[in-house]
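> Attaching a single structure in structure tokens format; questions to follow.
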Amino acid sequence: MEHSYIKYMDSLFLKVTKINKNQINKIESFINFGIKNKLYTKTKVMYHDLKHIEKVLIYSAWIINLKGIKLSNKDWNILLYAGLFHDSGRTIGASDRNHGVVGATVAEKILNDKLTSQEVNFIKELIKTHAVSDNLIIFNDNVKKEERKKIQLLSDVLKDADALDRNRLKIFPFWKCNIKYLRTDEAKKIYYLTDNLYKEYYKAIKKYKNVNVI
């Protein structure tokens, strides 16, 4: 059975990430949305289950908080939906290079009735670009300069958050995150704290299981 575990994480550790109660609730609600839509329920791709997704959302919020940026609700939705769907394309046999394109299609089908067409398009671009080495998003001419700058930042944050969670790959060290390829200074600052998040997250899973003993 899939669950969100962020609420069971150590409160002192979450203070380090500057993730507040509203952000905790928001991340939990996105994970529950993913469970409801069975985004990762049947995935058999190693290390790309819903636990990976929740940790990517946590890293994304951590990076944004360290930047001191106050995102609007719209921008949080764009970032967190992109994070939620970013590996959904892996569940249906897409190649490593193309799973972002497949995941963008999955997101579009589910989100079309929930968000504006522009928001869905931004989310699709974040999902597509997370899986390629080129960092730059190509925008339509009608997207304003400030909007381009903001969405590009969210893309950088998602790519760094995804990369940071690769440090969990203890038995495959060659797959681990390389700090020199991180795009944001904030991600580089927390690079050496990834083991702490990994440990605290799996402590939270044990805590959840102890609390919910059948």
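Residues in the structure tokens are numbered from 1 in each chain, the chains being A, B, ... in the order shown, and ligands are numbered from 1 in the order shown.
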If DSSP is run on the backbone, what residues of region 18-205 of chain A are alpha helix (DSSP H)? A reply as an MDAnalysis selection string would be ideal.
chainID A and resid 21:36 50:67 73:85 99:111 117:129 145:164 185:190 194:205
> Near region 46-55 of chain A, within 8 Å and counting only C-alpha atoms, which residues show up once chain neighbours fewer than 6 positions away are dropped, as a count of residues only?
11
> Tell me, as a ChimeraX atom specification, which residues lie within 12 Å of region 140-149 of chain A, counting only C-alpha atoms; anything in the same chain fewer than 6 positions away does not count.
/A:74-75,118-119,121-122,125-126,155-156
> My list of candidates is A:Phe13, A:Tyr81, A:Trp62, A:Tyr208. Which is closest to Asn32 (chain A) when distances are computed with only C-alpha atoms?
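Of A:Phe13, A:Tyr81, A:Trp62, A:Tyr208, the one nearest Asn32 (chain A), counting only C-alpha atoms, is A:Tyr81.
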> In Å, rounded to a single decimal, give me how far CA of Ile179 (chain A) is from CA of Arg90 (chain A).
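Distance between the two atoms: 24.8 Å.
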> Do you have the CA of Leu158 (chain A)-CA of Thr184 (chain A) distance handy?
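That distance, rounded to one decimal, is 10.3 Å.
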> For a quick check of understanding, using only C-alpha atoms, which of A:Ile24, A:Gly89, A:Leu111, A:Asn37 has the smallest distance to Tyr8 (chain A)?
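For Tyr8 (chain A), the nearest of the candidates is A:Ile24.
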> Quick one: distance from CA of Ile127 (chain A) to CA of Phe30 (chain A) in Å, one decimal?
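Interatomic distance here is 15.7 Å.
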> Give me the residues within 8 Å of Phe85 (chain A) as a list in words, counting only C-alpha atoms and dropping any in the same chain fewer than 5 places off.
Leu39, Gly103, Ala104, Val106, Ala107 and Ile127 of chain A
> Just checking: using only C-alpha atoms, which residue out of A:Ser88, A:Ser60, A:Asn77, A:Gln23 ends up closest to Thr41 (chain A)?
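Ranking A:Ser88, A:Ser60, A:Asn77, A:Gln23 by distance to Thr41 (chain A), first place goes to A:Ser88.
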> For Ser11 (chain A), please output as a CSV table (one decimal) with N, CA, C and O atoms, in the first residue's frame all residues within 12 Å (counting only C-alpha atoms; exclusion window: fewer than 2 positions along the same chain).

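What follows is the written file selection.csv:
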chain,number,residue,atom,x,y,z
A,6,ILE,N,5.7,12.3,4.7
A,6,ILE,CA,6.4,13.5,5.2
A,6,ILE,C,5.9,13.9,6.6
A,6,ILE,O,6.7,14.4,7.4
A,7,LYS,N,4.6,13.7,6.9
A,7,LYS,CA,4.1,14.1,8.2
A,7,LYS,C,4.8,13.3,9.4
A,7,LYS,O,4.6,13.6,10.5
A,8,TYR,N,5.4,12.2,9.0
A,8,TYR,CA,6.0,11.3,10.1
A,8,TYR,C,7.5,11.6,10.2
A,8,TYR,O,8.2,11.0,11.0
A,9,MET,N,8.0,12.5,9.4
A,9,MET,CA,9.4,12.9,9.5
A,9,MET,C,9.7,13.7,10.7
A,9,MET,O,8.8,14.4,11.2
A,13,PHE,N,14.3,18.0,11.8
A,13,PHE,CA,14.9,17.9,10.5
A,13,PHE,C,14.2,18.8,9.5
A,13,PHE,O,14.8,19.5,8.7
A,14,LEU,N,12.9,18.7,9.6
A,14,LEU,CA,12.1,19.5,8.7
A,14,LEU,C,12.3,21.0,8.9
A,14,LEU,O,12.2,21.8,7.9
A,15,LYS,N,12.7,21.4,10.1
A,15,LYS,CA,13.0,22.8,10.4
A,15,LYS,C,14.3,23.2,9.6
A,15,LYS,O,14.4,24.3,9.2
A,16,VAL,N,15.2,22.3,9.5
A,16,VAL,CA,16.4,22.5,8.7
A,16,VAL,C,16.1,22.8,7.3
A,16,VAL,O,16.7,23.7,6.6
A,17,THR,N,15.1,22.1,6.7
A,17,THR,CA,14.7,22.4,5.3
A,17,THR,C,13.8,23.6,5.2
A,17,THR,O,13.5,24.0,4.1
A,18,LYS,N,13.4,24.2,6.3
A,18,LYS,CA,12.5,25.3,6.3
A,18,LYS,C,11.1,25.0,5.7
A,18,LYS,O,10.4,25.9,5.3
A,19,ILE,N,10.8,23.7,5.6
A,19,ILE,CA,9.5,23.3,5.1
A,19,ILE,C,8.5,23.5,6.2
A,19,ILE,O,8.5,22.9,7.3
A,20,ASN,N,7.5,24.4,5.9
A,20,ASN,CA,6.5,24.7,7.0
A,20,ASN,C,5.3,23.8,6.9
A,20,ASN,O,5.2,22.9,6.0
A,21,LYS,N,4.3,24.0,7.8
A,21,LYS,CA,3.2,23.1,7.9
A,21,LYS,C,2.3,23.1,6.6
A,21,LYS,O,1.9,22.1,6.1
A,24,ILE,N,4.1,21.1,4.0
A,24,ILE,CA,4.0,19.7,4.4
A,24,ILE,C,2.6,19.1,3.9
A,24,ILE,O,2.5,18.1,3.3
A,200,GLU,N,16.2,10.1,7.5
A,200,GLU,CA,15.0,10.6,8.2
A,200,GLU,C,13.7,10.1,7.5
A,200,GLU,O,12.7,9.8,8.2
A,201,TYR,N,13.8,10.1,6.2
A,201,TYR,CA,12.6,9.6,5.5
A,201,TYR,C,12.3,8.2,5.8
A,201,TYR,O,11.1,7.8,6.0
A,204,ALA,N,10.8,7.7,9.1
A,204,ALA,CA,9.4,8.1,9.0
A,204,ALA,C,8.5,7.0,8.5
A,204,ALA,O,7.4,6.8,9.0
